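Trainee: The structure's right below; bear with me while I get my questions together.
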Amino acid sequence: MELLFNLFSDYTLRIVTLGSTLLGITSGAIGCYAVLRKQSLIGDAVSHAALPGIGLSFLLIGSKNTEWLLLGAFIAGWIATLVILNIDRLSRIKYDNALAMILSVFFGFGLVILTYIQKIPNSNQAGLEKFLFGQASTLLQRDVMLMGIVALITLVPMIFLWKEFKLLSFDTIFADTIGFSTKKLDLILTTLIVISIIVGLQTVGVILMSSMLIAPAVAARQWTNRLFIMVMLSSFFGAAAGICGTLISSSIDNMPTGPIIVVVITLIALLSLLFAPNRGLIWKRIRDNKTKKEINSTIILSILYTLSEKHTKTYHSYDLSALMLKKDNIKYSKKKLLKELNKLKMSGLVDKHEKNLWAISEKGMKKISVLDYTNGGQSYYD
Amino acid sequence: MDNISVKVHDLTVAYNKKPVLWDIDLEIPSGILMAVVGPNGAGKTTLIKAMLNLIKPLTGRALFWGEPYENNRKRIGYVPQRGSVDWDFPTSVLDVVTMGTYGKLGWFKRPGKKEKERAVEALNKVDMVSYANRQISQLSGGQQQRVFLARALVQDADLYFMDEPFQGVDAKTEKAIVKLLEELKKMGKTVLVVHHDLQTVTEYFDWVTLLNTVLIDYGPIHEVFTEENLKKTYRSTIDSFYKNNGKVI
Amino acid sequence: MGVRVIMINPQIEIQLIAIIVSVACVIPGVFLILRRMSMMSDAISHTILLGIVLAFFATHDLTSPLLIVGAALMGTLTVYLVEVMHNTKLISEDSSIGLIFPFLFSIGVILISIYAGNVHLDTDAVLLGEIAFAPFNRFVVRGKDIGPKALYVMGSILLLNIIYLFLFYKELKLTTFDEKLAAVLGFSPIFIHYSLMSMVSITAVGAFDSVGSILVIAFMAGPSASAYLITDDLKRMILLSIVIGILSAISGYWLSVLFDVSIAGSMAGMVGLIFFIVFIFVPDRGLLSIIKRRKKQKYKFANISFLMHIMNHENTDMEKSESSIDTIHNHLQWDRKFLNEILSLSIENKYIFVNENGIIKVTKEGKKFAGTNYCELVKRI
């Protein structure tokens, strides 16, 4: 309650929260494409590579205005992305190797520039380091306004190029054949990704920024099979994490905002992986168990069925030990088998004639004949 | 000129040091079903990709109805290999098929009711209407292939390129594809199919191109699909097989 | 002047430490890039922060060797968690990496912030490192100064890496290039995977407080990438990577002295610079030779097919239209400029001549050139 009260009364907190929310929305939305195109870690490379851009921009322009610093970050991040993509395209060096190398090399170069700036007399450089880990609490109103504008710049093309981006992400080759220049689309999308990363630098910093792209998208993917809903949900998760993270960190002394936001968004992703219906792990486990049970009972039925086929009397009953001879198919103990048989009896699929004498029932026969094994299990798909 | 759909002239493609396609000259008449046959690494997929401008050839080019590919995009449909996309992508069967209309829609325009209807129609042709709203990861391999075929049908092209549509599909899908090929032929369309199974070539197709980096031969099946030509096509593979003491590399 | 004389010693020590760190990082780095797991070094070198923090909470001693153990364990745990996530088949491997490592790193930073008063752990230092301070942290045995501590720590880790390489070279090679074959032959790919990742963790931990995690990543991913462009031979690749690693360490150090800037940053920069020089200029796989080769190939192939075209129509009824100097462009459908280049190239090489009727004829040399090259091409198929 106090937190919410603070949110309404505390001006700075309101500004910071707004900033984190904007960040969550943009990175959540655009992150979906990074994740779906298997370029999740591009965020990590771009954010690290932004450092020399920030330093050079300060060195060349001499201004600590956020706009200039972020412009430098944007250019550096963009160059790094192009370099990575071209190393991957033009040589035998793989994408991930290029990522790791470029992010460390660019970052190292950034350190060189920052230390160089430090040595320049009277160049009050303090504050450039805030981009390393982000300092949400230093966000000003004009910073947040800039973030809002940049968020719009990112989101508007996403709306207009919705169909094109979807096509690009799903089937690049096909997109090319029907006349959409994938080179251009790729360039636009990459630029949008770089922009959305730069937006987050002030809030969460270069090291943690990649998680703002990946985690909301990973979380959203688990809840839906539609791209549109995924993008919406991802933005929502990103925004929610931004708000929660800011509020939590504001209520504890000396608590950095970036890491808290990252922990919150990662928890959302982990919970989604566990609990989301259909895709979630728990859901899957339940379904697997159910299928396993079904398969096992079918196996028991089919054993009784094949036995009865050999016998002149169709519904002839068999001793439990006769069933146990089919060891290859049943991995049950005698006790477990008895339990399963009783369950089948309850559903009327088998009959118990005497103590330990079992036979397939008419209903069981029907069920077995309906199942089609000729399709090699394909029927489970349909 | 219109009875020739595609004219490939002097097409050479090279990756690194090796030519993958060497000096291919090919004329594909309209209204035929043509199989492209050759051993692994013979450049079958590369041939299609080079014709469709997806790969830049070293020399030569393909002309469609006497014009470059860009001028005739809308008359050409393409079915890529099934494995070339991520089937866990969050989208539905209907959505994928609708992508076939994007080419005619052009930039920025969204598919509307008309496009969706055409997609459903195409799904009907491959017997997949009941799957329209399924997520694509829930499909079997054969069903995925049929979705790709439906997407190509929606393109409503005159000339189709299909890259290994029979690869790893079930019997039902294989039948459906064959039926579809026959229908396309009846409608006067031209279809070029990369094909692996030598046993079914004569059954499914009426023309064949035998390829192994160089063009061995092409033409009507009864003229070209001879033992001698096949030996030529697969010879180098057999040779290198023995050269390596039977070790497959 | 006296100060200066004393300063020479730390300079040598810093370079020595840097060389040892670079070699120690390069050895597992080679296998990381061949296994397409370079980004694991990024993940591990960040998450060890949490390991150190947790180990500190257990020991309350910043100098305890248990900190290294804790950090190395955390590195391996990172690898394990990434694998667990990936094995759910719900997310791709790179997404799992990008999900796990910022998470663990964040927890580390948060814990440090909460107990800021009690821990003298600086997150900046983990990332950036300050090798310039490494010589100040001395290893003192019975009151005798026997050198900087980092030298001993990294020296042992390097030794460990070398021993590991020699013991498991065959297994590493096999599991890297053919995991299934290795498994069939009885080498456990899982054991090699986790032991290699443990080596990466231990190396990253040892290196991070002298050079920072950024340089660890640069050394693990950079020199071996350059070497991979130069050679195909694994042994040569390892040796070359070591040479390049040492080269970047030393040149980076002197550049940083020259400009008075971050040593680690300057070394990482040199790793990148060397890579780009190799990337552009290396024979065979370099950018320049690829471009040159493509151009040469284009002319050579075009020349052969040009000659073949004329030879095919030699002394036929069609020769007049197919091989006439005035009409040949209709048949080859090359643009005029390219055709002229090929023509003059062929005339220059005496492969062709134009007879009095304006028909192009292939000379003996031309036939030999086209014939042998064509045979070679077809044979190579």
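In the structure tokens, the first chain shown is A, the next is B, and so on; residue numbers restart at 1 for each chain, and ligands run from 1 in the order shown.
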Can you list every residue of chain B that has an atom at most 12 Å from chain C, with its nearest atom pair and the distance in Å to one decimal, using only C-alpha atoms, ordered by chain then number, as a tab-separated table?

Mentor:
residue	atom	partner	partner_atom	distance
B:Lys7	CA	C:Gln333	CA	11.5
B:Val8	CA	C:Gln333	CA	10.7
B:His9	CA	C:Leu332	CA	7.6
B:Asp10	CA	C:Leu332	CA	7.3
B:Leu11	CA	C:Ala302	CA	10.0
B:Thr12	CA	C:Phe301	CA	7.9
B:Val13	CA	C:Lys298	CA	9.3
B:Ala14	CA	C:Arg294	CA	8.3
B:Tyr15	CA	C:Arg294	CA	8.9
B:Asn16	CA	C:Ile290	CA	7.6
B:Lys17	CA	C:Arg293	CA	8.0
B:Lys18	CA	C:Arg380	CA	8.2
B:Pro19	CA	C:Leu377	CA	7.8
B:Val20	CA	C:Ile381	CA	8.3
B:Leu21	CA	C:Ile381	CA	9.7
B:Trp22	CA	C:Phe301	CA	8.4
B:Asp23	CA	C:Ser305	CA	6.8
B:Ile24	CA	C:Ser305	CA	10.2
B:Asp25	CA	C:Leu332	CA	10.5
B:Pro39	CA	C:Ile381	CA	10.9
B:Asn40	CA	C:Ile381	CA	11.2
B:Gly41	CA	C:Ile381	CA	9.1
B:Ala42	CA	C:Ile381	CA	8.3
B:Gly43	CA	C:Ile381	CA	10.5
B:Lys56	CA	C:Arg294	CA	11.5
B:Pro57	CA	C:Lys298	CA	9.4
B:Leu58	CA	C:Lys298	CA	5.7
B:Thr59	CA	C:Lys298	CA	6.8
B:Gly60	CA	C:Trp334	CA	7.3
B:Arg61	CA	C:Gln333	CA	8.6
B:Ala62	CA	C:Gln333	CA	10.6
B:Leu63	CA	C:Gln333	CA	10.7
B:Asp86	CA	C:Ser92	CA	11.1
B:Asp88	CA	C:Leu90	CA	9.1
B:Phe89	CA	C:Ile91	CA	11.3
B:Ser137	CA	C:Leu90	CA	11.8
B:Leu211	CA	C:Ile381	CA	11.3
B:Asn212	CA	C:Ile381	CA	7.6
B:Thr213	CA	C:Ile381	CA	6.8
B:Val214	CA	C:Val378	CA	7.6
B:Leu215	CA	C:Val378	CA	10.9
B:Ile216	CA	C:Val378	CA	11.2
B:Lys232	CA	C:Val378	CA	11.3
B:Thr233	CA	C:Ile381	CA	10.8
B:Tyr234	CA	C:Ile381	CA	10.7
B:Arg235	CA	C:Ile381	CA	10.2
B:Ser236	CA	C:Ile381	CA	6.9
B:Thr237	CA	C:Ile381	CA	8.5
B:Ile238	CA	C:Ile381	CA	11.6
B:Asp239	CA	C:Lys379	CA	9.9
B:Ser240	CA	C:Ile381	CA	9.4

Trainee: Dump as a PyMOL selection string the residues of chain A that approach chain C to within 7 Å, counting only C-alpha atoms.

Mentor: chain A and resi 35+40-41+93+96-97+100-101+104-105+108-109+111-112+115-116+208+210-211+214-215+254-255+259+262-263+266

Trainee: Write the residues of the selection above to a file with N, CA and C atoms, as a PDB file, in the first residue's frame.

Mentor:
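part.pdb was written with the following content:
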ATOM      1  N   VAL A  35      14.158 -13.343 -30.245  1.00  0.00           N
ATOM      2  CA  VAL A  35      14.084 -14.715 -29.755  1.00  0.00           C
ATOM      3  C   VAL A  35      13.638 -15.666 -30.868  1.00  0.00           C
ATOM      4  N   SER A  40      18.808 -14.347 -29.890  1.00  0.00           N
ATOM      5  CA  SER A  40      18.556 -13.856 -28.538  1.00  0.00           C
ATOM      6  C   SER A  40      19.715 -13.034 -27.993  1.00  0.00           C
ATOM      7  N   LEU A  41      20.925 -13.512 -28.281  1.00  0.00           N
ATOM      8  CA  LEU A  41      22.059 -12.911 -27.595  1.00  0.00           C
ATOM      9  C   LEU A  41      22.569 -11.655 -28.285  1.00  0.00           C
ATOM     10  N   ILE A  93      33.783 -18.430 -39.334  1.00  0.00           N
ATOM     11  CA  ILE A  93      33.541 -18.138 -37.917  1.00  0.00           C
ATOM     12  C   ILE A  93      32.029 -18.137 -37.681  1.00  0.00           C
ATOM     13  N   ASP A  96      27.901 -17.367 -32.921  1.00  0.00           N
ATOM     14  CA  ASP A  96      28.100 -17.199 -31.472  1.00  0.00           C
ATOM     15  C   ASP A  96      29.531 -16.770 -31.164  1.00  0.00           C
ATOM     16  N   ASN A  97      30.478 -17.277 -31.957  1.00  0.00           N
ATOM     17  CA  ASN A  97      31.862 -16.901 -31.770  1.00  0.00           C
ATOM     18  C   ASN A  97      32.056 -15.409 -32.084  1.00  0.00           C
ATOM     19  N   ALA A 100      30.608 -13.299 -29.178  1.00  0.00           N
ATOM     20  CA  ALA A 100      31.444 -13.234 -27.983  1.00  0.00           C
ATOM     21  C   ALA A 100      32.652 -12.338 -28.221  1.00  0.00           C
ATOM     22  N   MET A 101      33.241 -12.489 -29.408  1.00  0.00           N
ATOM     23  CA  MET A 101      34.442 -11.718 -29.677  1.00  0.00           C
ATOM     24  C   MET A 101      34.123 -10.227 -29.802  1.00  0.00           C
ATOM     25  N   SER A 104      33.202  -8.453 -26.513  1.00  0.00           N
ATOM     26  CA  SER A 104      34.310  -8.182 -25.594  1.00  0.00           C
ATOM     27  C   SER A 104      35.283  -7.156 -26.182  1.00  0.00           C
ATOM     28  N   VAL A 105      35.491  -7.241 -27.493  1.00  0.00           N
ATOM     29  CA  VAL A 105      36.427  -6.302 -28.125  1.00  0.00           C
ATOM     30  C   VAL A 105      35.872  -4.870 -28.078  1.00  0.00           C
ATOM     31  N   GLY A 108      35.921  -3.676 -24.544  1.00  0.00           N
ATOM     32  CA  GLY A 108      37.292  -3.348 -24.176  1.00  0.00           C
ATOM     33  C   GLY A 108      37.696  -1.995 -24.739  1.00  0.00           C
ATOM     34  N   PHE A 109      37.336  -1.754 -25.990  1.00  0.00           N
ATOM     35  CA  PHE A 109      37.625  -0.475 -26.620  1.00  0.00           C
ATOM     36  C   PHE A 109      36.911   0.655 -25.868  1.00  0.00           C
ATOM     37  N   LEU A 111      36.226   0.677 -22.720  1.00  0.00           N
ATOM     38  CA  LEU A 111      36.987   0.928 -21.484  1.00  0.00           C
ATOM     39  C   LEU A 111      38.190   1.814 -21.763  1.00  0.00           C
ATOM     40  N   VAL A 112      38.840   1.535 -22.892  1.00  0.00           N
ATOM     41  CA  VAL A 112      39.995   2.348 -23.273  1.00  0.00           C
ATOM     42  C   VAL A 112      39.569   3.811 -23.358  1.00  0.00           C
ATOM     43  N   THR A 115      38.676   5.346 -19.902  1.00  0.00           N
ATOM     44  CA  THR A 115      39.869   5.664 -19.093  1.00  0.00           C
ATOM     45  C   THR A 115      40.633   6.831 -19.690  1.00  0.00           C
ATOM     46  N   TYR A 116      40.572   6.935 -21.003  1.00  0.00           N
ATOM     47  CA  TYR A 116      41.215   8.068 -21.664  1.00  0.00           C
ATOM     48  C   TYR A 116      40.531   9.373 -21.249  1.00  0.00           C
ATOM     49  N   LEU A 208      22.934  -6.227 -18.243  1.00  0.00           N
ATOM     50  CA  LEU A 208      21.685  -6.932 -18.017  1.00  0.00           C
ATOM     51  C   LEU A 208      20.646  -6.689 -19.104  1.00  0.00           C
ATOM     52  N   SER A 210      20.336  -7.568 -22.123  1.00  0.00           N
ATOM     53  CA  SER A 210      19.916  -8.673 -22.993  1.00  0.00           C
ATOM     54  C   SER A 210      18.727  -9.406 -22.397  1.00  0.00           C
ATOM     55  N   SER A 211      18.695  -9.466 -21.079  1.00  0.00           N
ATOM     56  CA  SER A 211      17.614 -10.216 -20.454  1.00  0.00           C
ATOM     57  C   SER A 211      16.259  -9.529 -20.645  1.00  0.00           C
ATOM     58  N   ILE A 214      15.047 -10.980 -23.903  1.00  0.00           N
ATOM     59  CA  ILE A 214      14.789 -12.426 -23.980  1.00  0.00           C
ATOM     60  C   ILE A 214      13.665 -12.867 -23.053  1.00  0.00           C
ATOM     61  N   ALA A 215      13.788 -12.497 -21.770  1.00  0.00           N
ATOM     62  CA  ALA A 215      12.887 -13.072 -20.769  1.00  0.00           C
ATOM     63  C   ALA A 215      11.397 -12.806 -21.043  1.00  0.00           C
ATOM     64  N   ASN A 254      19.507   1.535  -1.043  1.00  0.00           N
ATOM     65  CA  ASN A 254      20.731   1.101  -1.707  1.00  0.00           C
ATOM     66  C   ASN A 254      20.522  -0.106  -2.619  1.00  0.00           C
ATOM     67  N   MET A 255      19.318  -0.177  -3.213  1.00  0.00           N
ATOM     68  CA  MET A 255      19.049  -1.348  -4.045  1.00  0.00           C
ATOM     69  C   MET A 255      19.008  -0.939  -5.511  1.00  0.00           C
ATOM     70  N   PRO A 259      19.091  -4.846 -11.681  1.00  0.00           N
ATOM     71  CA  PRO A 259      19.094  -6.261 -11.294  1.00  0.00           C
ATOM     72  C   PRO A 259      17.743  -6.732 -10.748  1.00  0.00           C
ATOM     73  N   VAL A 262      15.484  -7.390 -13.619  1.00  0.00           N
ATOM     74  CA  VAL A 262      15.897  -8.619 -14.290  1.00  0.00           C
ATOM     75  C   VAL A 262      15.452  -9.856 -13.508  1.00  0.00           C
ATOM     76  N   VAL A 263      15.612  -9.802 -12.194  1.00  0.00           N
ATOM     77  CA  VAL A 263      15.176 -10.948 -11.389  1.00  0.00           C
ATOM     78  C   VAL A 263      13.667 -11.143 -11.535  1.00  0.00           C
ATOM     79  N   THR A 266      12.840 -12.521 -15.010  1.00  0.00           N
ATOM     80  CA  THR A 266      13.269 -13.911 -15.156  1.00  0.00           C
ATOM     81  C   THR A 266      12.347 -14.845 -14.384  1.00  0.00           C
TER      82      THR A 266
END

Trainee: Taking only C-alpha atoms into account and nothing else, which residues of chain B lie no more than 7 Å away from chain A? Please answer as a VMD selection string.

Mentor: chain B and resid 52 73 85 to 86 89 to 91 103 108 110 135 139 to 140

Trainee: Quick one: write out the picked residues with C-alpha atoms as a short mmCIF file (atom, residue, chain, number, x, y, z; two decimals), in the first residue's frame?

Mentor:
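Output (part_21.cif):
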data_model
loop_
_atom_site.label_atom_id
_atom_site.label_comp_id
_atom_site.auth_asym_id
_atom_site.auth_seq_id
_atom_site.Cartn_x
_atom_site.Cartn_y
_atom_site.Cartn_z
CA LEU B 52 15.01 -17.71 -58.25
CA ARG B 73 7.61 -12.94 -59.60
CA VAL B 85 11.89 -23.19 -41.26
CA ASP B 86 11.28 -23.42 -37.53
CA PHE B 89 7.04 -20.59 -34.74
CA PRO B 90 3.93 -19.20 -33.04
CA THR B 91 1.53 -19.20 -35.95
CA GLY B 103 3.43 -11.38 -52.80
CA PHE B 108 2.18 -2.72 -45.94
CA ARG B 110 -2.77 -6.59 -44.70
CA GLN B 135 -0.50 -24.40 -34.35
CA LEU B 139 1.52 -31.20 -37.46
CA SER B 140 3.22 -34.34 -38.68
#

Trainee: Between atom CA of Pro256 of chain A and atom CA of Ile198 of chain A, what is the distance in Å, rounded to a tenth?

Mentor: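 Between atom CA of Pro256 of chain A and atom CA of Ile198 of chain A the gap works out to 18.7 Å.
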
Trainee: In segment 276-363 of chain C, what's helix (DSSP H, G or I) per DSSP? Answer as a ChimeraX atom specification?

Mentor: /C:276-281,287-312,319-322,328-332,336-348

Trainee: Excluding Thr76 of chain C and residues on its chain fewer than 3 positions from it, collect all residues at most 8 Å away from it, counting only C-alpha atoms, and give them as a count of residues only.

Mentor: 9

Trainee: Considering only strand (DSSP E) as DSSP defines it on the backbone, what residues of segment 18-264 of chain C qualify? List them as a list in words.

Mentor: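 Of segment 18-264 of chain C, the ones in strand (DSSP E) are Arg138, Phe139, Val140, Val141, Lys144, Asp145, Ile146, Gly147 and Pro148 of chain C.
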
Trainee: Could you tell me how far atom CA of Leu146 of chain A lies from atom CA of Glu67 of chain A, in Å and to one decimal?

Mentor: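 Between these atoms lies a distance of 7.6 Å.
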
Trainee: Any idea what's packed within 8 Å of Ala98 of chain A, counting only C-alpha atoms, ignoring anything in its chain fewer than 6 positions away? Could you give it as a list of chain:residue names?

Mentor: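 Near neighbours after the sequence-gap exclusion: A:Ile84, A:Ile87, A:Asp88, C:Ala221.
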
Trainee: Between atom CA of Glu67 of chain B and atom CA of Ser5 of chain B, measure the distance and give it in Å to one decimal.

Mentor: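 Those two atoms sit 10.0 Å apart.
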
Trainee: When distances are computed from only C-alpha atoms, which of C:Phe57, C:Met311, C:Lys170, C:Lys296 shows the smallest separation from Leu185 of chain C?

Mentor: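 The shortest atom-to-atom distance to Leu185 of chain C comes from C:Lys170.
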